[in-house]
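> Sharing structure-v3.pdb (PDB, C-alpha atoms, pLDDT in the B column) below.
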ATOM      1  CA  MET A   3       0.000   0.000   0.000  1.00 90.00           C
ATOM      2  CA  LEU A   4       1.049   3.575  -0.636  1.00 96.00           C
ATOM      3  CA  GLY A   5       2.139   5.431   2.498  1.00 96.00           C
ATOM      4  CA  ILE A   6       0.796   8.987   2.356  1.00 97.00           C
ATOM      5  CA  GLY A   7       1.664  11.928   4.581  1.00 96.00           C
ATOM      6  CA  ILE A   8      -0.592  14.948   5.012  1.00 95.00           C
ATOM      7  CA  PHE A   9       0.882  18.434   5.195  1.00 95.00           C
ATOM      8  CA  GLY A  10      -1.840  20.819   6.333  1.00 86.00           C
ATOM      9  CA  ALA A  11      -3.796  18.196   8.266  1.00 80.00           C
ATOM     10  CA  THR A  12      -5.578  20.753  10.438  1.00 79.00           C
ATOM     11  CA  GLY A  13      -7.167  22.493   7.449  1.00 79.00           C
ATOM     12  CA  LYS A  14     -10.649  21.812   6.135  1.00 80.00           C
ATOM     13  CA  VAL A  15      -9.518  19.739   3.160  1.00 87.00           C
ATOM     14  CA  GLY A  16      -6.704  18.081   5.106  1.00 83.00           C
ATOM     15  CA  SER A  17      -9.073  16.582   7.658  1.00 84.00           C
ATOM     16  CA  LEU A  18     -11.343  15.236   4.900  1.00 91.00           C
ATOM     17  CA  LEU A  19      -8.329  13.805   3.110  1.00 92.00           C
ATOM     18  CA  ILE A  20      -7.393  11.773   6.165  1.00 91.00           C
ATOM     19  CA  GLY A  21     -10.773  10.063   6.035  1.00 90.00           C
ATOM     20  CA  GLU A  22     -10.394   9.300   2.331  1.00 94.00           C
ATOM     21  CA  ILE A  23      -6.938   7.785   2.824  1.00 95.00           C
ATOM     22  CA  LEU A  24      -8.074   5.607   5.723  1.00 92.00           C
ATOM     23  CA  ALA A  25     -11.046   4.355   3.678  1.00 93.00           C
ATOM     24  CA  CYS A  26      -8.956   3.498   0.595  1.00 93.00           C
ATOM     25  CA  LYS A  27      -7.740  -0.109   0.312  1.00 93.00           C
ATOM     26  CA  ASP A  28      -4.621   0.967  -1.623  1.00 95.00           C
ATOM     27  CA  THR A  29      -3.290   3.574   0.813  1.00 96.00           C
ATOM     28  CA  VAL A  30      -2.194   3.966   4.396  1.00 95.00           C
ATOM     29  CA  LEU A  31      -1.914   7.182   6.382  1.00 96.00           C
ATOM     30  CA  SER A  32       1.726   7.135   7.436  1.00 95.00           C
ATOM     31  CA  SER A  33       2.125  10.551   9.074  1.00 94.00           C
ATOM     32  CA  VAL A  34       0.712  14.027   9.512  1.00 93.00           C
ATOM     33  CA  TYR A  35       2.600  17.260  10.012  1.00 92.00           C
ATOM     34  CA  VAL A  36       0.983  19.603  12.521  1.00 86.00           C
ATOM     35  CA  ARG A  37       1.894  22.937  14.030  1.00 79.00           C
ATOM     36  CA  ASN A  38      -1.036  22.834  16.426  1.00 75.00           C
ATOM     37  CA  GLU A  39      -2.823  19.980  18.163  1.00 74.00           C
ATOM     38  CA  LEU A  40      -5.156  17.853  16.036  1.00 75.00           C
ATOM     39  CA  GLN A  41      -8.815  18.271  16.916  1.00 70.00           C
ATOM     40  CA  TYR A  42      -9.770  14.717  15.920  1.00 75.00           C
ATOM     41  CA  ASN A  43      -8.551  11.167  16.493  1.00 79.00           C
ATOM     42  CA  ILE A  44      -6.418   9.184  14.064  1.00 85.00           C
ATOM     43  CA  PRO A  45      -4.961   5.665  14.366  1.00 85.00           C
ATOM     44  CA  SER A  46      -2.161   5.283  16.903  1.00 86.00           C
ATOM     45  CA  SER A  47       0.124   3.891  14.192  1.00 89.00           C
ATOM     46  CA  VAL A  48       0.225   7.286  12.418  1.00 90.00           C
ATOM     47  CA  LEU A  49       3.210   9.508  13.143  1.00 91.00           C
ATOM     48  CA  ILE A  50       2.171  12.969  14.319  1.00 90.00           C
ATOM     49  CA  THR A  51       5.112  15.350  14.186  1.00 91.00           C
ATOM     50  CA  LYS A  52       6.274  18.944  14.042  1.00 90.00           C
ATOM     51  CA  ASP A  53       9.692  17.928  12.724  1.00 92.00           C
ATOM     52  CA  MET A  54       9.801  18.421   8.974  1.00 94.00           C
ATOM     53  CA  ASP A  55      12.658  16.023   8.242  1.00 94.00           C
ATOM     54  CA  SER A  56      11.079  13.198  10.259  1.00 94.00           C
ATOM     55  CA  PHE A  57       7.789  13.859   8.511  1.00 95.00           C
ATOM     56  CA  ILE A  58       9.278  13.634   5.016  1.00 96.00           C
ATOM     57  CA  GLU A  59      11.278  10.499   5.790  1.00 96.00           C
ATOM     58  CA  SER A  60       8.210   8.614   7.060  1.00 95.00           C
ATOM     59  CA  ASN A  61       6.227   8.805   3.796  1.00 96.00           C
ATOM     60  CA  GLN A  62       6.270   7.504   0.255  1.00 97.00           C
ATOM     61  CA  ILE A  63       4.345  10.541  -1.005  1.00 98.00           C
ATOM     62  CA  ILE A  64       3.027  13.770   0.544  1.00 98.00           C
ATOM     63  CA  ILE A  65      -0.198  15.685  -0.119  1.00 97.00           C
ATOM     64  CA  ASP A  66      -0.035  19.379   0.749  1.00 96.00           C
ATOM     65  CA  PHE A  67      -3.003  21.637   1.421  1.00 93.00           C
ATOM     66  CA  SER A  68      -1.408  24.430   3.425  1.00 92.00           C
ATOM     67  CA  SER A  69      -0.307  28.030   2.887  1.00 91.00           C
ATOM     68  CA  PRO A  70       2.171  29.507   0.380  1.00 94.00           C
ATOM     69  CA  GLU A  71       4.782  30.014   3.095  1.00 95.00           C
ATOM     70  CA  ALA A  72       4.326  26.480   4.430  1.00 95.00           C
ATOM     71  CA  THR A  73       4.538  24.987   0.935  1.00 96.00           C
ATOM     72  CA  GLN A  74       7.778  26.881   0.338  1.00 96.00           C
ATOM     73  CA  ASN A  75       9.163  25.410   3.565  1.00 96.00           C
ATOM     74  CA  LEU A  76       8.089  21.906   2.547  1.00 97.00           C
ATOM     75  CA  LEU A  77       9.775  22.229  -0.838  1.00 97.00           C
ATOM     76  CA  GLU A  78      13.016  23.477   0.711  1.00 97.00           C
ATOM     77  CA  HIS A  79      13.199  20.453   3.028  1.00 97.00           C
ATOM     78  CA  ALA A  80      12.089  18.019   0.307  1.00 97.00           C
ATOM     79  CA  LEU A  81      15.067  19.039  -1.831  1.00 96.00           C
ATOM     80  CA  LYS A  82      17.282  17.382   0.779  1.00 94.00           C
ATOM     81  CA  ASN A  83      15.219  14.184   0.678  1.00 94.00           C
ATOM     82  CA  PRO A  84      13.253  14.166  -2.618  1.00 97.00           C
ATOM     83  CA  ILE A  85       9.774  12.663  -2.483  1.00 97.00           C
ATOM     84  CA  PRO A  86       6.688  12.820  -4.739  1.00 98.00           C
ATOM     85  CA  LEU A  87       4.482  15.787  -3.817  1.00 98.00           C
ATOM     86  CA  VAL A  88       0.851  16.555  -4.581  1.00 98.00           C
ATOM     87  CA  ILE A  89       0.357  20.261  -3.901  1.00 97.00           C
ATOM     88  CA  GLY A  90      -3.044  21.916  -3.747  1.00 94.00           C
ATOM     89  CA  THR A  91      -2.036  25.129  -2.000  1.00 91.00           C
ATOM     90  CA  THR A  92      -3.444  28.281  -3.599  1.00 86.00           C
ATOM     91  CA  GLY A  93      -2.077  31.819  -3.587  1.00 85.00           C
ATOM     92  CA  LEU A  94       1.497  30.979  -4.593  1.00 90.00           C
ATOM     93  CA  ASN A  95       3.289  34.028  -5.985  1.00 92.00           C
ATOM     94  CA  ALA A  96       5.455  34.029  -9.113  1.00 91.00           C
ATOM     95  CA  GLU A  97       8.678  33.441  -7.182  1.00 96.00           C
ATOM     96  CA  GLN A  98       7.195  30.497  -5.292  1.00 96.00           C
ATOM     97  CA  MET A  99       5.879  28.984  -8.518  1.00 96.00           C
ATOM     98  CA  ASP A 100       9.324  29.312 -10.099  1.00 97.00           C
ATOM     99  CA  PHE A 101      10.834  27.526  -7.102  1.00 97.00           C
ATOM    100  CA  LEU A 102       8.221  24.770  -7.388  1.00 97.00           C
ATOM    101  CA  ARG A 103       9.134  24.267 -11.051  1.00 97.00           C
ATOM    102  CA  GLN A 104      12.819  24.045 -10.118  1.00 97.00           C
ATOM    103  CA  CYS A 105      12.045  21.429  -7.472  1.00 97.00           C
ATOM    104  CA  SER A 106      10.137  19.325 -10.006  1.00 97.00           C
ATOM    105  CA  GLN A 107      13.449  18.623 -11.733  1.00 97.00           C
ATOM    106  CA  THR A 108      14.486  16.715  -8.610  1.00 97.00           C
ATOM    107  CA  MET A 109      11.185  15.018  -7.690  1.00 98.00           C
ATOM    108  CA  PRO A 110       7.763  14.408  -9.252  1.00 98.00           C
ATOM    109  CA  ILE A 111       5.315  17.178  -8.328  1.00 98.00           C
ATOM    110  CA  LEU A 112       1.658  17.463  -9.244  1.00 98.00           C
ATOM    111  CA  TYR A 113       0.403  20.983  -8.666  1.00 97.00           C
ATOM    112  CA  SER A 114      -3.115  22.248  -9.147  1.00 94.00           C
ATOM    113  CA  ALA A 115      -5.009  25.190  -7.688  1.00 88.00           C
ATOM    114  CA  ASN A 116      -8.063  22.918  -7.741  1.00 92.00           C
ATOM    115  CA  MET A 117      -7.925  19.157  -7.198  1.00 94.00           C
ATOM    116  CA  SER A 118     -11.437  18.577  -8.521  1.00 94.00           C
ATOM    117  CA  GLU A 119     -11.611  16.127 -11.409  1.00 94.00           C
ATOM    118  CA  GLY A 120     -14.453  18.170 -12.907  1.00 95.00           C
ATOM    119  CA  ILE A 121     -12.365  21.349 -12.923  1.00 96.00           C
ATOM    120  CA  ALA A 122      -9.565  19.489 -14.711  1.00 94.00           C
ATOM    121  CA  ILE A 123     -12.024  18.574 -17.458  1.00 95.00           C
ATOM    122  CA  LEU A 124     -13.408  22.121 -17.558  1.00 97.00           C
ATOM    123  CA  ASP A 125      -9.904  23.527 -17.944  1.00 96.00           C
ATOM    124  CA  LYS A 126      -9.215  21.145 -20.833  1.00 95.00           C
ATOM    125  CA  ILE A 127     -12.464  22.091 -22.593  1.00 96.00           C
ATOM    126  CA  ALA A 128     -11.817  25.807 -22.023  1.00 97.00           C
ATOM    127  CA  GLY A 129      -8.506  25.490 -23.836  1.00 96.00           C
ATOM    128  CA  ILE A 130     -10.132  23.765 -26.790  1.00 96.00           C
ATOM    129  CA  LEU A 131     -12.944  26.310 -27.033  1.00 98.00           C
ATOM    130  CA  SER A 132     -10.617  29.292 -26.758  1.00 97.00           C
ATOM    131  CA  ILE A 133      -9.078  28.184 -30.047  1.00 97.00           C
ATOM    132  CA  ALA A 134     -12.222  26.904 -31.782  1.00 98.00           C
ATOM    133  CA  LEU A 135     -14.149  30.067 -30.849  1.00 98.00           C
ATOM    134  CA  ARG A 136     -11.252  32.461 -31.357  1.00 97.00           C
ATOM    135  CA  HIS A 137     -13.493  35.435 -32.216  1.00 96.00           C
ATOM    136  CA  TYR A 138     -15.619  35.020 -29.054  1.00 98.00           C
ATOM    137  CA  ASP A 139     -15.152  37.198 -25.974  1.00 98.00           C
ATOM    138  CA  ILE A 140     -14.193  35.337 -22.792  1.00 98.00           C
ATOM    139  CA  GLU A 141     -15.312  36.191 -19.269  1.00 98.00           C
ATOM    140  CA  ILE A 142     -14.620  34.243 -16.060  1.00 98.00           C
ATOM    141  CA  THR A 143     -16.617  34.520 -12.837  1.00 98.00           C
ATOM    142  CA  GLU A 144     -16.047  32.783  -9.520  1.00 98.00           C
ATOM    143  CA  ILE A 145     -17.864  32.784  -6.186  1.00 97.00           C
ATOM    144  CA  HIS A 146     -16.720  31.352  -2.861  1.00 97.00           C
ATOM    145  CA  HIS A 147     -17.558  31.466   0.818  1.00 96.00           C
ATOM    146  CA  LYS A 148     -16.929  34.693   2.710  1.00 96.00           C
ATOM    147  CA  TYR A 149     -13.896  33.264   4.526  1.00 92.00           C
ATOM    148  CA  LYS A 150     -11.773  32.740   1.408  1.00 91.00           C
ATOM    149  CA  LYS A 151      -8.842  35.137   1.553  1.00 86.00           C
ATOM    150  CA  ASP A 152      -7.284  35.061  -1.922  1.00 86.00           C
ATOM    151  CA  SER A 153      -9.019  36.711  -4.839  1.00 91.00           C
ATOM    152  CA  PRO A 154      -9.374  35.885  -7.664  1.00 94.00           C
ATOM    153  CA  SER A 155      -9.374  32.194  -6.846  1.00 93.00           C
ATOM    154  CA  GLY A 156      -6.466  30.095  -7.980  1.00 89.00           C
ATOM    155  CA  THR A 157      -8.875  28.189 -10.204  1.00 93.00           C
ATOM    156  CA  ALA A 158     -10.031  31.353 -11.976  1.00 96.00           C
ATOM    157  CA  LEU A 159      -6.405  32.296 -12.586  1.00 94.00           C
ATOM    158  CA  MET A 160      -5.705  28.777 -13.847  1.00 93.00           C
ATOM    159  CA  LEU A 161      -8.558  29.036 -16.360  1.00 96.00           C
ATOM    160  CA  ALA A 162      -7.324  32.489 -17.392  1.00 97.00           C
ATOM    161  CA  ASN A 163      -3.804  31.164 -17.896  1.00 95.00           C
ATOM    162  CA  THR A 164      -5.143  28.333 -20.058  1.00 96.00           C
ATOM    163  CA  VAL A 165      -7.116  30.551 -22.432  1.00 98.00           C
ATOM    164  CA  THR A 166      -4.457  33.265 -22.705  1.00 98.00           C
ATOM    165  CA  THR A 167      -1.827  30.634 -23.471  1.00 97.00           C
ATOM    166  CA  LYS A 168      -4.001  28.994 -26.123  1.00 97.00           C
ATOM    167  CA  ARG A 169      -4.668  32.368 -27.738  1.00 97.00           C
ATOM    168  CA  ASN A 170      -1.032  33.494 -27.454  1.00 97.00           C
ATOM    169  CA  LEU A 171      -2.002  36.494 -25.341  1.00 97.00           C
ATOM    170  CA  ASP A 172      -0.073  38.265 -22.614  1.00 95.00           C
ATOM    171  CA  THR A 173      -1.508  38.408 -19.106  1.00 92.00           C
ATOM    172  CA  ASN A 174      -2.003  42.167 -19.464  1.00 94.00           C
ATOM    173  CA  VAL A 175      -5.260  41.368 -21.297  1.00 96.00           C
ATOM    174  CA  LEU A 176      -6.765  40.222 -17.985  1.00 96.00           C
ATOM    175  CA  LYS A 177      -9.209  42.702 -16.436  1.00 96.00           C
ATOM    176  CA  PHE A 178     -10.051  42.138 -12.783  1.00 95.00           C
ATOM    177  CA  GLY A 179     -13.554  43.481 -12.144  1.00 92.00           C
ATOM    178  CA  ARG A 180     -15.178  46.407 -13.913  1.00 88.00           C
ATOM    179  CA  LYS A 181     -15.750  49.992 -12.832  1.00 89.00           C
ATOM    180  CA  GLY A 182     -16.426  53.274 -14.574  1.00 90.00           C
ATOM    181  CA  ILE A 183     -17.217  54.003 -18.215  1.00 92.00           C
ATOM    182  CA  ASP A 184     -15.098  52.029 -20.636  1.00 88.00           C
ATOM    183  CA  LEU A 185     -15.707  49.823 -23.671  1.00 92.00           C
ATOM    184  CA  ARG A 186     -14.525  46.240 -23.648  1.00 92.00           C
ATOM    185  CA  GLN A 187     -11.257  45.900 -25.554  1.00 91.00           C
ATOM    186  CA  ASN A 188     -10.469  43.222 -28.135  1.00 91.00           C
ATOM    187  CA  ASP A 189      -8.912  40.113 -26.559  1.00 95.00           C
ATOM    188  CA  GLU A 190      -9.757  41.400 -23.106  1.00 97.00           C
ATOM    189  CA  ILE A 191     -10.594  38.646 -20.598  1.00 97.00           C
ATOM    190  CA  GLY A 192     -12.596  39.689 -17.579  1.00 97.00           C
ATOM    191  CA  ILE A 193     -12.352  37.998 -14.174  1.00 98.00           C
ATOM    192  CA  VAL A 194     -14.945  38.760 -11.514  1.00 97.00           C
ATOM    193  CA  SER A 195     -14.873  37.464  -7.925  1.00 97.00           C
ATOM    194  CA  LEU A 196     -17.782  37.232  -5.495  1.00 97.00           C
ATOM    195  CA  ARG A 197     -17.698  36.264  -1.815  1.00 97.00           C
ATOM    196  CA  GLY A 198     -20.549  35.297   0.459  1.00 97.00           C
ATOM    197  CA  GLY A 199     -22.137  32.670   2.666  1.00 97.00           C
ATOM    198  CA  ASP A 200     -20.759  29.154   2.722  1.00 95.00           C
ATOM    199  CA  ILE A 201     -20.398  28.479  -1.011  1.00 96.00           C
ATOM    200  CA  VAL A 202     -17.666  25.883  -1.531  1.00 95.00           C
ATOM    201  CA  GLY A 203     -16.882  27.093  -5.042  1.00 95.00           C
ATOM    202  CA  ARG A 204     -18.490  27.919  -8.360  1.00 97.00           C
ATOM    203  CA  HIS A 205     -16.599  28.798 -11.532  1.00 98.00           C
ATOM    204  CA  THR A 206     -18.082  29.864 -14.844  1.00 98.00           C
ATOM    205  CA  ILE A 207     -16.200  30.546 -18.052  1.00 98.00           C
ATOM    206  CA  GLY A 208     -18.268  32.095 -20.807  1.00 98.00           C
ATOM    207  CA  PHE A 209     -17.663  32.509 -24.536  1.00 98.00           C
ATOM    208  CA  TYR A 210     -19.716  35.367 -26.009  1.00 98.00           C
ATOM    209  CA  THR A 211     -20.407  36.680 -29.491  1.00 97.00           C
ATOM    210  CA  ASP A 212     -23.228  38.507 -31.250  1.00 97.00           C
ATOM    211  CA  GLY A 213     -26.287  36.275 -31.366  1.00 98.00           C
ATOM    212  CA  GLU A 214     -25.181  33.506 -29.006  1.00 98.00           C
ATOM    213  CA  HIS A 215     -23.050  32.570 -26.056  1.00 98.00           C
ATOM    214  CA  LEU A 216     -21.771  29.418 -24.400  1.00 98.00           C
ATOM    215  CA  GLU A 217     -21.239  29.199 -20.631  1.00 98.00           C
ATOM    216  CA  LEU A 218     -19.624  26.311 -18.769  1.00 98.00           C
ATOM    217  CA  THR A 219     -20.063  26.128 -14.994  1.00 98.00           C
ATOM    218  CA  HIS A 220     -18.550  23.884 -12.362  1.00 98.00           C
ATOM    219  CA  ASN A 221     -20.119  23.739  -8.911  1.00 97.00           C
ATOM    220  CA  ALA A 222     -18.287  22.228  -5.958  1.00 96.00           C
ATOM    221  CA  THR A 223     -20.895  21.291  -3.360  1.00 95.00           C
ATOM    222  CA  SER A 224     -18.499  19.646  -0.904  1.00 94.00           C
ATOM    223  CA  ARG A 225     -14.809  20.032  -0.107  1.00 92.00           C
ATOM    224  CA  LYS A 226     -14.641  16.252  -0.162  1.00 93.00           C
ATOM    225  CA  THR A 227     -14.347  16.455  -3.948  1.00 94.00           C
ATOM    226  CA  PHE A 228     -10.931  18.126  -3.519  1.00 94.00           C
ATOM    227  CA  ALA A 229      -9.830  15.384  -1.120  1.00 95.00           C
ATOM    228  CA  LYS A 230     -10.959  12.630  -3.488  1.00 95.00           C
ATOM    229  CA  GLY A 231      -9.191  14.290  -6.411  1.00 96.00           C
ATOM    230  CA  ALA A 232      -5.975  14.726  -4.454  1.00 96.00           C
ATOM    231  CA  LEU A 233      -5.978  11.063  -3.436  1.00 97.00           C
ATOM    232  CA  ARG A 234      -6.465   9.967  -7.043  1.00 95.00           C
ATOM    233  CA  ALA A 235      -3.609  12.294  -8.032  1.00 97.00           C
ATOM    234  CA  ALA A 236      -1.331  10.768  -5.386  1.00 97.00           C
ATOM    235  CA  LEU A 237      -1.983   7.204  -6.548  1.00 97.00           C
ATOM    236  CA  TRP A 238      -1.180   8.300 -10.109  1.00 97.00           C
ATOM    237  CA  LEU A 239       1.888  10.409  -9.295  1.00 97.00           C
ATOM    238  CA  ALA A 240       3.593   7.734  -7.184  1.00 95.00           C
ATOM    239  CA  LYS A 241       4.543   5.888 -10.384  1.00 89.00           C
ATOM    240  CA  LYS A 242       5.838   8.888 -12.330  1.00 96.00           C
ATOM    241  CA  PRO A 243       9.367  10.203 -12.964  1.00 97.00           C
ATOM    242  CA  ASN A 244      10.582  13.652 -11.945  1.00 98.00           C
ATOM    243  CA  GLY A 245       8.653  16.487 -13.539  1.00 97.00           C
ATOM    244  CA  LEU A 246       5.818  18.941 -13.051  1.00 98.00           C
ATOM    245  CA  TYR A 247       2.313  17.579 -13.606  1.00 97.00           C
ATOM    246  CA  ASN A 248      -1.247  18.848 -13.252  1.00 94.00           C
ATOM    247  CA  MET A 249      -4.688  17.302 -12.789  1.00 94.00           C
ATOM    248  CA  GLN A 250      -5.282  17.054 -16.536  1.00 92.00           C
ATOM    249  CA  ASP A 251      -2.360  14.657 -16.777  1.00 94.00           C
ATOM    250  CA  ILE A 252      -4.167  11.939 -14.796  1.00 93.00           C
ATOM    251  CA  PHE A 253      -6.749  11.579 -17.576  1.00 88.00           C
ATOM    252  CA  ASP A 254      -6.274   9.751 -20.862  1.00 78.00           C
ATOM    253  CA  PHE A 255      -7.944  12.190 -23.245  1.00 72.00           C
ATOM    254  CA  ASN A 256      -6.974  10.018 -26.201  1.00 66.00           C
ATOM    255  CA  VAL A 257      -9.856   7.657 -25.401  1.00 55.00           C
ATOM    256  CA  ILE A 258     -12.440  10.456 -25.690  1.00 53.00           C
TER     257      ILE A 258
END
Starting from the coordinates I provided, produce the structure as structure tokens.

Amino acid sequence: MLGIGIFGATGKVGSLLIGEILACKDTVLSSVYVRNELQYNIPSSVLITKDMDSFIESNQIIIDFSSPEATQNLLEHALKNPIPLVIGTTGLNAEQMDFLRQCSQTMPILYSANMSEGIAILDKIAGILSIALRHYDIEITEIHHKYKKDSPSGTALMLANTVTTKRNLDTNVLKFGRKGIDLRQNDEIGIVSLRGGDIVGRHTIGFYTDGEHLELTHNATSRKTFAKGALRAALWLAKKPNGLYNMQDIFDFNVI
């Protein structure tokens, strides 16, 4: 069985991930890294530690749902003892992403701002449509619970990166929100963020032209979908060589 360690076990997704790992016949929860005391019980055989090196050494693969600073710390220690990493932390800045890419030359890393399988499919379709419907305007909207700190969401930025890359556009075409009196520019891609209530996550990418429009929406109704996706990613990544992967890579689109 695959021994998995959880980095960010006290977070909302981390706690759900523990349940998924324990319920899976192909995995075992080998250790969890905690800065504060766990608020729930786990099997006595699981290592609970605040020592990063001991944590890394006790696992075959690590799943990380933490903070940008914590992920940076994990990567720095993992360079000394390379190990496959599934990283779902959002809000990484450009420097941290560059460091992550460098680390992927030494160990296999799967990074995604959203571990949902449905979002991976949406991102793939968005890339296809951005080329097929090249003359259509693109707008992205996302809404999350009122406690989400980063805005726009990492998923919205991921979708924006996909469509700008496919259309060979620079990121300066991105327009975050709208205010004032101004006409929409050619190739402009709008991103709008909403926050309220307890919404887990909803992302819509729309393709608009005169006479018709096409909108694709993904709704996450439970954070468990991120835990399930991350576990599937870990089982897939454990067999891969060094390199940087994403959630799309776990699917065989050639069979579609």
> Selection in question (the file shown): the PyMOL selection byres ((chain A and resi 143-151) around 7). Which residues does it include, as a PDB file with C-alpha atoms, in the coordinates of the input?

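Output saved as result_13.pdb:
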ATOM      1  CA  GLU A 141     -15.312  36.191 -19.269  1.00 98.00           C
ATOM      2  CA  ILE A 142     -14.620  34.243 -16.060  1.00 98.00           C
ATOM      3  CA  ASP A 152      -7.284  35.061  -1.922  1.00 86.00           C
ATOM      4  CA  SER A 153      -9.019  36.711  -4.839  1.00 91.00           C
ATOM      5  CA  ALA A 158     -10.031  31.353 -11.976  1.00 96.00           C
ATOM      6  CA  ILE A 193     -12.352  37.998 -14.174  1.00 98.00           C
ATOM      7  CA  VAL A 194     -14.945  38.760 -11.514  1.00 97.00           C
ATOM      8  CA  SER A 195     -14.873  37.464  -7.925  1.00 97.00           C
ATOM      9  CA  LEU A 196     -17.782  37.232  -5.495  1.00 97.00           C
ATOM     10  CA  ARG A 197     -17.698  36.264  -1.815  1.00 97.00           C
ATOM     11  CA  GLY A 198     -20.549  35.297   0.459  1.00 97.00           C
ATOM     12  CA  GLY A 199     -22.137  32.670   2.666  1.00 97.00           C
ATOM     13  CA  ASP A 200     -20.759  29.154   2.722  1.00 95.00           C
ATOM     14  CA  ILE A 201     -20.398  28.479  -1.011  1.00 96.00           C
ATOM     15  CA  VAL A 202     -17.666  25.883  -1.531  1.00 95.00           C
ATOM     16  CA  GLY A 203     -16.882  27.093  -5.042  1.00 95.00           C
ATOM     17  CA  ARG A 204     -18.490  27.919  -8.360  1.00 97.00           C
ATOM     18  CA  HIS A 205     -16.599  28.798 -11.532  1.00 98.00           C
ATOM     19  CA  THR A 206     -18.082  29.864 -14.844  1.00 98.00           C
ATOM     20  CA  ILE A 207     -16.200  30.546 -18.052  1.00 98.00           C
TER      21      ILE A 207
END
> Every residue with an atom at most 6 Å from (-9.8, 39.4, -22.0) (file coordinates; all atoms listed in the file) is what I'm after, so could you write them as number ranges by chain?
A: 175-176, 189-192
> Calculate how many Å separate atom CA of A:Asp251 from atom CA of A:Met54, rounding to one decimal.
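If I compute the distance from atom CA of A:Asp251 to atom CA of A:Met54, I get 28.7 Å.
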> For the structure shown, which residues end up in the PyMOL selection byres ((chain A and resi 11) around 12)? Put them as number ranges by chain, please?
A: 6-10, 12-21, 31, 33-44, 50-52, 64-69, 229
> For this file, the PyMOL selection byres ((chain A and resi 78-90) around 6) selects which residues, as a list in words?
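For this structure, the PyMOL selection byres ((chain A and resi 78-90) around 6) captures Ile63, Ile64, Ile65, Asp66, Phe67, Asn75, Leu76, Leu77, Thr91, Met109, Pro110, Ile111, Leu112, Tyr113, Ser114 and Ala115 of chain A.
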> Considering all atoms listed in the file, can you say which of A:Asp100, A:Cys26, A:Tyr138, A:Ser46 comes closest to A:Asp212?
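Nearest candidate to A:Asp212 out of A:Asp100, A:Cys26, A:Tyr138, A:Ser46: A:Tyr138.
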> Which one of A:Ser32, A:Arg180, A:Gln250, A:Met99 sits closest to A:Gly129 if you count all atoms listed in the file?
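Result for the nearest residue to A:Gly129: A:Gln250.
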> Calculate how many Å separate atom CA of A:Lys177 from atom CA of A:Ser132, rounding to one decimal.
17.0 Å
> Could you state the separation of atom CA of A:Thr108 and atom CA of A:Lys242 in Å, given to one decimal place?
12.2 Å
> Stretch 38-56 of chain A, all listed atoms, 3 Å padding on each side: what axis-aligned box centre and edge lengths in Å to one decimal come out, as JSON?

{"center_x": 1.4, "center_y": 13.4, "center_z": 13.2, "size_x": 28.4, "size_y": 24.9, "size_z": 15.9}
> Neighbouring residues of A:Glu119 were defined as those with any atom within 8 Å, considering only C-alpha atoms; residues of the same chain fewer than 5 positions away were excluded. Please report them as a PyMOL selection string.
chain A and resi 227+231+249
> Could you check which of A:Ile127, A:Asn188, A:Gln98, A:Thr167 is closest to A:Ile140, using only C-alpha atoms?
A:Asn188
> Excluding same-chain residues fewer than 3 positions from A:Asp125, what lies within 8 Å of it counting all atoms listed in the file, as a short mmCIF file (atom, residue, chain, number, x, y, z; two decimals) with C-alpha atoms, in the frame of the given file?

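Listed below is the output, result.cif:
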data_model
loop_
_atom_site.label_atom_id
_atom_site.label_comp_id
_atom_site.auth_asym_id
_atom_site.auth_seq_id
_atom_site.Cartn_x
_atom_site.Cartn_y
_atom_site.Cartn_z
CA ILE A 121 -12.36 21.35 -12.92
CA ALA A 122 -9.56 19.49 -14.71
CA ALA A 128 -11.82 25.81 -22.02
CA GLY A 129 -8.51 25.49 -23.84
CA MET A 160 -5.70 28.78 -13.85
CA LEU A 161 -8.56 29.04 -16.36
CA THR A 164 -5.14 28.33 -20.06
#
> Give me, as a tab-separated table, each residue of stretch 131-151 of chain A that comes within 12 Å of stretch 169-173 of chain A, together with its shortest interatomic pair and the distance in Å at one decimal, counting only C-alpha atoms, with rows ordered by chain and rising residue number.

residue	atom	partner	partner_atom	distance
A:Leu131	CA	A:Arg169	CA	10.3
A:Ser132	CA	A:Arg169	CA	6.8
A:Ile133	CA	A:Arg169	CA	6.5
A:Ala134	CA	A:Arg169	CA	10.2
A:Leu135	CA	A:Arg169	CA	10.2
A:Arg136	CA	A:Arg169	CA	7.5
A:His137	CA	A:Arg169	CA	10.4
A:Tyr138	CA	A:Arg169	CA	11.3
A:Asp139	CA	A:Arg169	CA	11.7
A:Ile140	CA	A:Arg169	CA	11.1
> Can I get the selected residues back with C-alpha atoms, as a PDB file, in the frame of the given file?

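The resulting file, part06.pdb, is reproduced below:
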ATOM      1  CA  LEU A 131     -12.944  26.310 -27.033  1.00 98.00           C
ATOM      2  CA  SER A 132     -10.617  29.292 -26.758  1.00 97.00           C
ATOM      3  CA  ILE A 133      -9.078  28.184 -30.047  1.00 97.00           C
ATOM      4  CA  ALA A 134     -12.222  26.904 -31.782  1.00 98.00           C
ATOM      5  CA  LEU A 135     -14.149  30.067 -30.849  1.00 98.00           C
ATOM      6  CA  ARG A 136     -11.252  32.461 -31.357  1.00 97.00           C
ATOM      7  CA  HIS A 137     -13.493  35.435 -32.216  1.00 96.00           C
ATOM      8  CA  TYR A 138     -15.619  35.020 -29.054  1.00 98.00           C
ATOM      9  CA  ASP A 139     -15.152  37.198 -25.974  1.00 98.00           C
ATOM     10  CA  ILE A 140     -14.193  35.337 -22.792  1.00 98.00           C
TER      11      ILE A 140
END
> Pick the closest to A:Ser118 from A:Pro45, A:Gly5, A:Asn244, A:Asn221: which is it, counting all atoms listed in the file?
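Checking each of A:Pro45, A:Gly5, A:Asn244, A:Asn221 against A:Ser118, counting all atoms listed in the file, the winner is A:Asn221.
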